[in-house]
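Next up, query_13.pdb (PDB, C-alpha atoms and all ligand atoms):
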ATOM      1  CA  MET A  27      -7.052  18.614  10.363  1.00  0.00           C
ATOM      2  CA  PRO A  28      -6.815  17.607  13.984  1.00  0.00           C
ATOM      3  CA  ARG A  29      -8.403  19.861  16.566  1.00  0.00           C
ATOM      4  CA  ARG A  30      -6.275  22.490  18.274  1.00  0.00           C
ATOM      5  CA  PRO A  31      -3.932  20.685  20.660  1.00  0.00           C
ATOM      6  CA  GLN A  32      -4.467  21.028  24.383  1.00  0.00           C
ATOM      7  CA  ARG A  33      -1.285  22.172  26.065  1.00  0.00           C
ATOM      8  CA  THR A  34      -1.304  20.777  29.569  1.00  0.00           C
ATOM      9  CA  GLY A  35       1.213  21.109  32.362  1.00  0.00           C
ATOM     10  CA  THR A  36       1.991  17.442  31.911  1.00  0.00           C
ATOM     11  CA  ALA A  37       2.730  17.867  28.234  1.00  0.00           C
ATOM     12  CA  ARG A  38       4.910  20.887  28.914  1.00  0.00           C
ATOM     13  CA  ALA A  39       6.778  18.975  31.634  1.00  0.00           C
ATOM     14  CA  SER A  40       7.635  16.053  29.343  1.00  0.00           C
ATOM     15  CA  ALA A  41      10.739  15.866  27.171  1.00  0.00           C
ATOM     16  CA  ARG A  42      11.221  18.366  24.361  1.00  0.00           C
ATOM     17  CA  ALA A  43      11.022  17.033  20.853  1.00  0.00           C
ATOM     18  CA  LYS A  44      14.373  15.899  19.503  1.00  0.00           C
ATOM     19  CA  VAL A  45      14.797  16.319  15.746  1.00  0.00           C
ATOM     20  CA  ARG A  46      17.257  14.266  13.705  1.00  0.00           C
ATOM     21  CA  THR A  47      17.840  13.340  10.076  1.00  0.00           C
ATOM     22  CA  ALA A  48      15.628  10.441   8.996  1.00  0.00           C
ATOM     23  CA  THR A  49      17.103   7.070   8.048  1.00  0.00           C
ATOM     24  CA  LEU A  50      15.679   4.057   6.203  1.00  0.00           C
ATOM     25  CA  SER A  51      14.962   2.485   9.612  1.00  0.00           C
ATOM     26  CA  ASP A  52      12.324   5.181  10.085  1.00  0.00           C
ATOM     27  CA  ALA A  53      10.305   3.897   7.100  1.00  0.00           C
ATOM     28  CA  LYS A  54       7.665   2.248   9.290  1.00  0.00           C
ATOM     29  CA  PRO A  55       6.787   5.245  11.514  1.00  0.00           C
ATOM     30  CA  ILE A  56       7.045   7.602   8.537  1.00  0.00           C
ATOM     31  CA  ALA A  57       4.625   5.361   6.602  1.00  0.00           C
ATOM     32  CA  GLY A  58       2.219   5.633   9.534  1.00  0.00           C
ATOM     33  CA  LEU A  59       2.526   9.411   9.613  1.00  0.00           C
ATOM     34  CA  VAL A  60       2.053   9.800   5.848  1.00  0.00           C
ATOM     35  CA  THR A  61      -0.953   7.476   6.032  1.00  0.00           C
ATOM     36  CA  ALA A  62      -2.413   9.618   8.831  1.00  0.00           C
ATOM     37  CA  LEU A  63      -1.898  12.660   6.610  1.00  0.00           C
ATOM     38  CA  GLY A  64      -4.305  11.065   4.127  1.00  0.00           C
ATOM     39  CA  TYR A  65      -1.932   9.256   1.753  1.00  0.00           C
ATOM     40  CA  PRO A  66      -2.124   5.537   2.627  1.00  0.00           C
ATOM     41  CA  THR A  67       1.148   3.648   2.285  1.00  0.00           C
ATOM     42  CA  ASN A  68       3.146   0.915   4.042  1.00  0.00           C
ATOM     43  CA  ALA A  69       6.673   0.473   5.379  1.00  0.00           C
ATOM     44  CA  THR A  70       7.930  -1.387   2.286  1.00  0.00           C
ATOM     45  CA  ASP A  71       6.728   1.219  -0.187  1.00  0.00           C
ATOM     46  CA  MET A  72       7.876   4.041   2.057  1.00  0.00           C
ATOM     47  CA  LYS A  73      11.347   2.506   2.338  1.00  0.00           C
ATOM     48  CA  ALA A  74      11.684   2.496  -1.459  1.00  0.00           C
ATOM     49  CA  ARG A  75      10.360   6.061  -1.654  1.00  0.00           C
ATOM     50  CA  LEU A  76      12.754   7.237   1.045  1.00  0.00           C
ATOM     51  CA  ALA A  77      15.696   5.541  -0.683  1.00  0.00           C
ATOM     52  CA  SER A  78      15.020   7.640  -3.823  1.00  0.00           C
ATOM     53  CA  ILE A  79      14.593  10.789  -1.787  1.00  0.00           C
ATOM     54  CA  PHE A  80      17.762  10.203   0.260  1.00  0.00           C
ATOM     55  CA  ALA A  81      19.702   9.751  -3.011  1.00  0.00           C
ATOM     56  CA  ASP A  82      18.702  13.260  -4.094  1.00  0.00           C
ATOM     57  CA  PRO A  83      21.024  15.816  -2.454  1.00  0.00           C
ATOM     58  CA  THR A  84      18.497  18.614  -2.883  1.00  0.00           C
ATOM     59  CA  TYR A  85      16.172  16.917  -0.374  1.00  0.00           C
ATOM     60  CA  ALA A  86      16.337  16.608   3.415  1.00  0.00           C
ATOM     61  CA  THR A  87      14.097  14.510   5.640  1.00  0.00           C
ATOM     62  CA  PHE A  88      13.796  14.905   9.388  1.00  0.00           C
ATOM     63  CA  VAL A  89      11.974  13.038  12.132  1.00  0.00           C
ATOM     64  CA  ALA A  90      10.972  14.300  15.581  1.00  0.00           C
ATOM     65  CA  GLU A  91      11.201  12.010  18.588  1.00  0.00           C
ATOM     66  CA  LEU A  92       9.469  12.336  21.913  1.00  0.00           C
ATOM     67  CA  ASP A  93      10.527   9.927  24.651  1.00  0.00           C
ATOM     68  CA  GLY A  94      12.542   7.976  22.058  1.00  0.00           C
ATOM     69  CA  GLU A  95       9.596   7.431  19.710  1.00  0.00           C
ATOM     70  CA  VAL A  96       9.205   8.942  16.240  1.00  0.00           C
ATOM     71  CA  VAL A  97       6.136  11.200  16.432  1.00  0.00           C
ATOM     72  CA  GLY A  98       6.560  13.457  13.412  1.00  0.00           C
ATOM     73  CA  MET A  99       8.335  13.968  10.130  1.00  0.00           C
ATOM     74  CA  ALA A 100       9.217  16.808   7.770  1.00  0.00           C
ATOM     75  CA  GLY A 101      10.565  16.742   4.239  1.00  0.00           C
ATOM     76  CA  ALA A 102      12.003  19.646   2.289  1.00  0.00           C
ATOM     77  CA  CYS A 103      13.848  20.409  -0.921  1.00  0.00           C
ATOM     78  CA  LEU A 104      15.875  23.201  -2.481  1.00  0.00           C
ATOM     79  CA  ALA A 105      15.075  24.913  -5.789  1.00  0.00           C
ATOM     80  CA  ARG A 106      16.303  27.887  -7.801  1.00  0.00           C
ATOM     81  CA  PHE A 107      14.528  31.159  -8.476  1.00  0.00           C
ATOM     82  CA  TYR A 108      14.078  32.341 -12.073  1.00  0.00           C
ATOM     83  CA  GLU A 109      13.078  35.848 -11.072  1.00  0.00           C
ATOM     84  CA  LYS A 110      16.170  36.601  -9.013  1.00  0.00           C
ATOM     85  CA  PRO A 111      19.499  35.043  -8.106  1.00  0.00           C
ATOM     86  CA  GLY A 112      19.712  32.391  -5.454  1.00  0.00           C
ATOM     87  CA  ARG A 113      17.613  29.545  -4.247  1.00  0.00           C
ATOM     88  CA  TYR A 114      14.807  28.776  -1.855  1.00  0.00           C
ATOM     89  CA  ALA A 115      13.681  25.912   0.312  1.00  0.00           C
ATOM     90  CA  ARG A 116      10.275  24.276   0.025  1.00  0.00           C
ATOM     91  CA  LEU A 117       8.672  22.432   2.916  1.00  0.00           C
ATOM     92  CA  VAL A 118       7.183  19.452   1.097  1.00  0.00           C
ATOM     93  CA  ALA A 119       5.731  17.376   3.929  1.00  0.00           C
ATOM     94  CA  LEU A 120       5.007  17.952   7.601  1.00  0.00           C
ATOM     95  CA  VAL A 121       3.000  15.804   9.970  1.00  0.00           C
ATOM     96  CA  VAL A 122       2.904  15.049  13.699  1.00  0.00           C
ATOM     97  CA  SER A 123       0.992  12.099  15.134  1.00  0.00           C
ATOM     98  CA  GLU A 124      -2.393  12.920  16.607  1.00  0.00           C
ATOM     99  CA  ALA A 125      -1.304  11.610  20.023  1.00  0.00           C
ATOM    100  CA  SER A 126       1.643  14.018  20.182  1.00  0.00           C
ATOM    101  CA  LEU A 127       0.074  17.252  18.974  1.00  0.00           C
ATOM    102  CA  GLY A 128       0.765  20.409  20.914  1.00  0.00           C
ATOM    103  CA  ARG A 129       4.099  19.279  22.362  1.00  0.00           C
ATOM    104  CA  GLY A 130       6.345  21.319  20.093  1.00  0.00           C
ATOM    105  CA  ALA A 131       7.287  18.600  17.603  1.00  0.00           C
ATOM    106  CA  GLY A 132       5.833  20.506  14.633  1.00  0.00           C
ATOM    107  CA  ALA A 133       7.656  23.719  15.498  1.00  0.00           C
ATOM    108  CA  ALA A 134      10.901  21.790  16.104  1.00  0.00           C
ATOM    109  CA  LEU A 135      10.621  20.107  12.689  1.00  0.00           C
ATOM    110  CA  VAL A 136       9.964  23.402  10.894  1.00  0.00           C
ATOM    111  CA  GLY A 137      12.912  24.915  12.783  1.00  0.00           C
ATOM    112  CA  ALA A 138      15.185  22.112  11.576  1.00  0.00           C
ATOM    113  CA  VAL A 139      14.039  22.603   7.979  1.00  0.00           C
ATOM    114  CA  GLU A 140      14.593  26.364   8.187  1.00  0.00           C
ATOM    115  CA  LYS A 141      18.089  25.844   9.600  1.00  0.00           C
ATOM    116  CA  TRP A 142      18.907  23.311   6.875  1.00  0.00           C
ATOM    117  CA  GLY A 143      17.642  25.728   4.212  1.00  0.00           C
ATOM    118  CA  ALA A 144      19.641  28.648   5.575  1.00  0.00           C
ATOM    119  CA  ASN A 145      22.764  26.471   5.810  1.00  0.00           C
ATOM    120  CA  ASN A 146      22.272  25.572   2.145  1.00  0.00           C
ATOM    121  CA  ASP A 147      22.011  29.175   0.918  1.00  0.00           C
ATOM    122  CA  ALA A 148      18.223  29.286   0.686  1.00  0.00           C
ATOM    123  CA  GLY A 149      17.087  32.878   1.120  1.00  0.00           C
ATOM    124  CA  GLU A 150      13.388  32.039   1.545  1.00  0.00           C
ATOM    125  CA  ILE A 151      11.145  29.131   2.380  1.00  0.00           C
ATOM    126  CA  PHE A 152       7.762  28.289   0.824  1.00  0.00           C
ATOM    127  CA  LEU A 153       5.142  25.648   1.432  1.00  0.00           C
ATOM    128  CA  ASN A 154       1.774  24.573   0.091  1.00  0.00           C
ATOM    129  CA  SER A 155      -1.038  23.907   2.522  1.00  0.00           C
ATOM    130  CA  GLY A 156      -4.398  22.533   1.470  1.00  0.00           C
ATOM    131  CA  VAL A 157      -7.308  24.893   2.076  1.00  0.00           C
ATOM    132  CA  GLN A 158      -8.989  22.148   4.118  1.00  0.00           C
ATOM    133  CA  ARG A 159      -6.134  22.314   6.637  1.00  0.00           C
ATOM    134  CA  GLU A 160      -7.426  25.407   8.404  1.00  0.00           C
ATOM    135  CA  ALA A 161      -5.553  24.861  11.661  1.00  0.00           C
ATOM    136  CA  ALA A 162      -2.272  24.407   9.805  1.00  0.00           C
ATOM    137  CA  ARG A 163      -2.649  28.022   8.736  1.00  0.00           C
ATOM    138  CA  GLU A 164      -2.720  29.141  12.389  1.00  0.00           C
ATOM    139  CA  PHE A 165       0.274  26.942  13.133  1.00  0.00           C
ATOM    140  CA  TYR A 166       2.328  28.448  10.288  1.00  0.00           C
ATOM    141  CA  GLU A 167       1.298  31.984  11.201  1.00  0.00           C
ATOM    142  CA  ARG A 168       2.462  31.331  14.780  1.00  0.00           C
ATOM    143  CA  LEU A 169       5.841  30.444  13.287  1.00  0.00           C
ATOM    144  CA  GLY A 170       6.053  33.680  11.284  1.00  0.00           C
ATOM    145  CA  TYR A 171       4.738  32.524   7.894  1.00  0.00           C
ATOM    146  CA  ARG A 172       2.240  34.560   5.870  1.00  0.00           C
ATOM    147  CA  VAL A 173      -0.098  33.661   3.027  1.00  0.00           C
ATOM    148  CA  SER A 174       1.460  34.888  -0.213  1.00  0.00           C
ATOM    149  CA  GLY A 175      -0.320  33.148  -3.098  1.00  0.00           C
ATOM    150  CA  VAL A 176      -2.756  30.587  -4.419  1.00  0.00           C
ATOM    151  CA  ARG A 177      -1.833  27.088  -5.558  1.00  0.00           C
ATOM    152  CA  PHE A 178      -3.146  25.743  -8.897  1.00  0.00           C
ATOM    153  CA  THR A 179      -2.997  22.005  -9.613  1.00  0.00           C
ATOM    154  CA  LYS A 180      -3.706  19.805 -12.643  1.00  0.00           C
ATOM    155  CA  GLU A 181      -3.186  16.095 -13.203  1.00  0.00           C
ATOM    156  CA  LEU A 182      -0.647  15.283 -15.927  1.00  0.00           C
ATOM    157  CA  GLY A 183      -0.603  12.190 -18.107  1.00  0.00           C
TER
HETATM  158  C1  LIG B 201       0.315  21.357  11.916  1.00  0.00           C
HETATM  159  C2  LIG B 201       1.044  20.373  12.846  1.00  0.00           C
HETATM  160  C3  LIG B 201       2.307  19.866  12.157  1.00  0.00           C
HETATM  161  C4  LIG B 201       1.414  21.097  14.169  1.00  0.00           C
HETATM  162  O1  LIG B 201       2.207  20.214  14.951  1.00  0.00           O
HETATM  163  P1  LIG B 201       2.313  20.353  16.551  1.00  0.00           P
HETATM  164  O2  LIG B 201       3.448  19.506  16.993  1.00  0.00           O
HETATM  165  O3  LIG B 201       0.995  20.078  17.178  1.00  0.00           O
HETATM  166  O4  LIG B 201       2.650  21.906  16.710  1.00  0.00           O
HETATM  167  P2  LIG B 201       3.473  22.579  17.908  1.00  0.00           P
HETATM  168  O5  LIG B 201       3.103  21.904  19.197  1.00  0.00           O
HETATM  169  O6  LIG B 201       4.911  22.611  17.569  1.00  0.00           O
HETATM  170  O7  LIG B 201       2.862  24.056  17.889  1.00  0.00           O
HETATM  171  C5  LIG B 201       3.616  25.207  17.484  1.00  0.00           C
HETATM  172  C6  LIG B 201       2.740  26.427  17.660  1.00  0.00           C
HETATM  173  O8  LIG B 201       1.602  26.363  16.775  1.00  0.00           O
HETATM  174  C7  LIG B 201       0.391  26.397  17.522  1.00  0.00           C
HETATM  175  N1  LIG B 201      -0.540  25.418  16.955  1.00  0.00           N
HETATM  176  C8  LIG B 201      -0.283  24.114  16.722  1.00  0.00           C
HETATM  177  N2  LIG B 201      -1.377  23.503  16.233  1.00  0.00           N
HETATM  178  C9  LIG B 201      -2.341  24.463  16.193  1.00  0.00           C
HETATM  179  C10 LIG B 201      -3.695  24.431  15.805  1.00  0.00           C
HETATM  180  N3  LIG B 201      -4.263  23.301  15.378  1.00  0.00           N
HETATM  181  N4  LIG B 201      -4.395  25.579  15.856  1.00  0.00           N
HETATM  182  C11 LIG B 201      -3.826  26.716  16.302  1.00  0.00           C
HETATM  183  N5  LIG B 201      -2.511  26.794  16.698  1.00  0.00           N
HETATM  184  C12 LIG B 201      -1.808  25.681  16.647  1.00  0.00           C
HETATM  185  C13 LIG B 201       0.775  25.953  18.906  1.00  0.00           C
HETATM  186  O9  LIG B 201      -0.136  26.469  19.873  1.00  0.00           O
HETATM  187  C14 LIG B 201       2.171  26.521  19.070  1.00  0.00           C
HETATM  188  O10 LIG B 201       2.129  27.870  19.401  1.00  0.00           O
HETATM  189  P3  LIG B 201       2.780  28.356  20.810  1.00  0.00           P
HETATM  190  O11 LIG B 201       4.175  27.810  20.849  1.00  0.00           O
HETATM  191  O12 LIG B 201       2.719  29.831  20.707  1.00  0.00           O
HETATM  192  O13 LIG B 201       1.915  27.769  21.845  1.00  0.00           O
HETATM  193  C15 LIG B 201       0.119  19.179  13.229  1.00  0.00           C
HETATM  194  O14 LIG B 201      -1.121  19.702  13.712  1.00  0.00           O
HETATM  195  C16 LIG B 201      -0.192  18.232  12.095  1.00  0.00           C
HETATM  196  O15 LIG B 201       0.585  17.316  11.815  1.00  0.00           O
HETATM  197  N6  LIG B 201      -1.339  18.427  11.444  1.00  0.00           N
HETATM  198  C17 LIG B 201      -1.800  17.511  10.410  1.00  0.00           C
HETATM  199  C18 LIG B 201      -1.003  17.610   9.155  1.00  0.00           C
HETATM  200  C19 LIG B 201      -0.876  19.018   8.607  1.00  0.00           C
HETATM  201  O16 LIG B 201      -1.809  19.800   8.583  1.00  0.00           O
HETATM  202  N7  LIG B 201       0.356  19.291   8.162  1.00  0.00           N
HETATM  203  C20 LIG B 201       0.652  20.526   7.509  1.00  0.00           C
HETATM  204  C21 LIG B 201       0.400  20.300   6.058  1.00  0.00           C
HETATM  205  S1  LIG B 201       0.855  21.720   5.130  1.00  0.00           S
END
Could I get this file's structure written as structure tokens?
Amino acid sequence: MPRRPQRTGTARASARAKVRTATLSDAKPIAGLVTALGYPTNATDMKARLASIFADPTYATFVAELDGEVVGMAGACLARFYEKPGRYARLVALVVSEASLGRGAGAALVGAVEKWGANNDAGEIFLNSGVQREAAREFYERLGYRVSGVRFTKELG
């Protein structure tokens, strides 16, 4: 997890992050971001992956731009509750480039995902965050999230 970002007057004075829906042309910067997150990939593989994701209407993918450059991405999906009526959104991926930390791109991306979820009848939003990502916990708590469970994982096949 990157160190806590330094918020300087210069950073504050620069353009606000602009969030838009991702397209296949974003495959290269998204591949770089996903690689930085710890999952090495390349533009070609990411383009194929994004094509499958874009074909699934329960998913949405956003990118954040600062000064016209893609500096972050977020991916989310919708799912249905068993324990009550309705559906929820799940933030599946979120990453901002190291060089652009602390300039609001992460918060803008989460805001876009929340808005998309609410517009698609999601009553709640969930996310998984690895225990090694300690600073991410502070980030999410700043945005109003709270820890509500433990994730279990097991390889299949
Ligand atoms: C977590 C992450 C997306 C935050 O992105 P960011 O663009 O730097 O965050 P923002 O600038 O929008 O910050 C939003 C708020 O969170 C706070 N925050 C951001 N990073 C923080 C950190 N490392 N520690 C403490 N607080 C932090 C900011 O101070 C800000 O609060 P403020 O508006 O009250 O000042 C980014 O650090 C990242 O990509 N980390 C690596 C990948 C990762 O951990 N992803 C989450 C996986 S679940």
Checklist entry - If the PyMOL selection byres (((not hetatm)) within 7 of (chain B and resi 201)) is run on the structure shown, which residues does it catch, given as a PyMOL selection string? => result chain A and resi 27-31+63+119-123+126-134+153-156+159+161-162+164-166+168-169
Item to check | Option closest in space to Glu140 (chain A), from A:Ala102, A:Ala41, A:Val173, A:Pro55 [counting all atoms listed in the file] | outcome: A:Ala102
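The two atoms in question, CA of Phe152 (chain A) and CA of Gly170 (chain A), are spaced 11.9 Å apart.
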Checklist entry - Evaluating the PyMOL selection byres (((chain A and resi 86) around 6) and not hetatm) on the displayed file yields which residues, as JSON, numbers by chain? => result {"A": [85, 87, 101, 102]}
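Here the question is which of A:Asp82, A:Ala100, A:Glu109, A:Val157 gets nearest to Gly137 (chain A) using all atoms listed in the file, and that residue is A:Ala100.
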Checklist entry - Could you spell out the hits of the PyMOL selection byres (((chain A and resi 56-58) around 7) and not hetatm) on the shown file, as a PyMOL selection string? => result chain A and resi 52-55+59-62+67-69+72+99
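Counting from CA of Ala43 (chain A), the distance to CA of Leu117 (chain A) is 18.9 Å.
Closest approach to Glu150 (chain A) from the set A:Lys180, A:Arg106, A:Lys44, A:Lys73 is made by A:Arg106, with distances taken over all atoms listed in the file.
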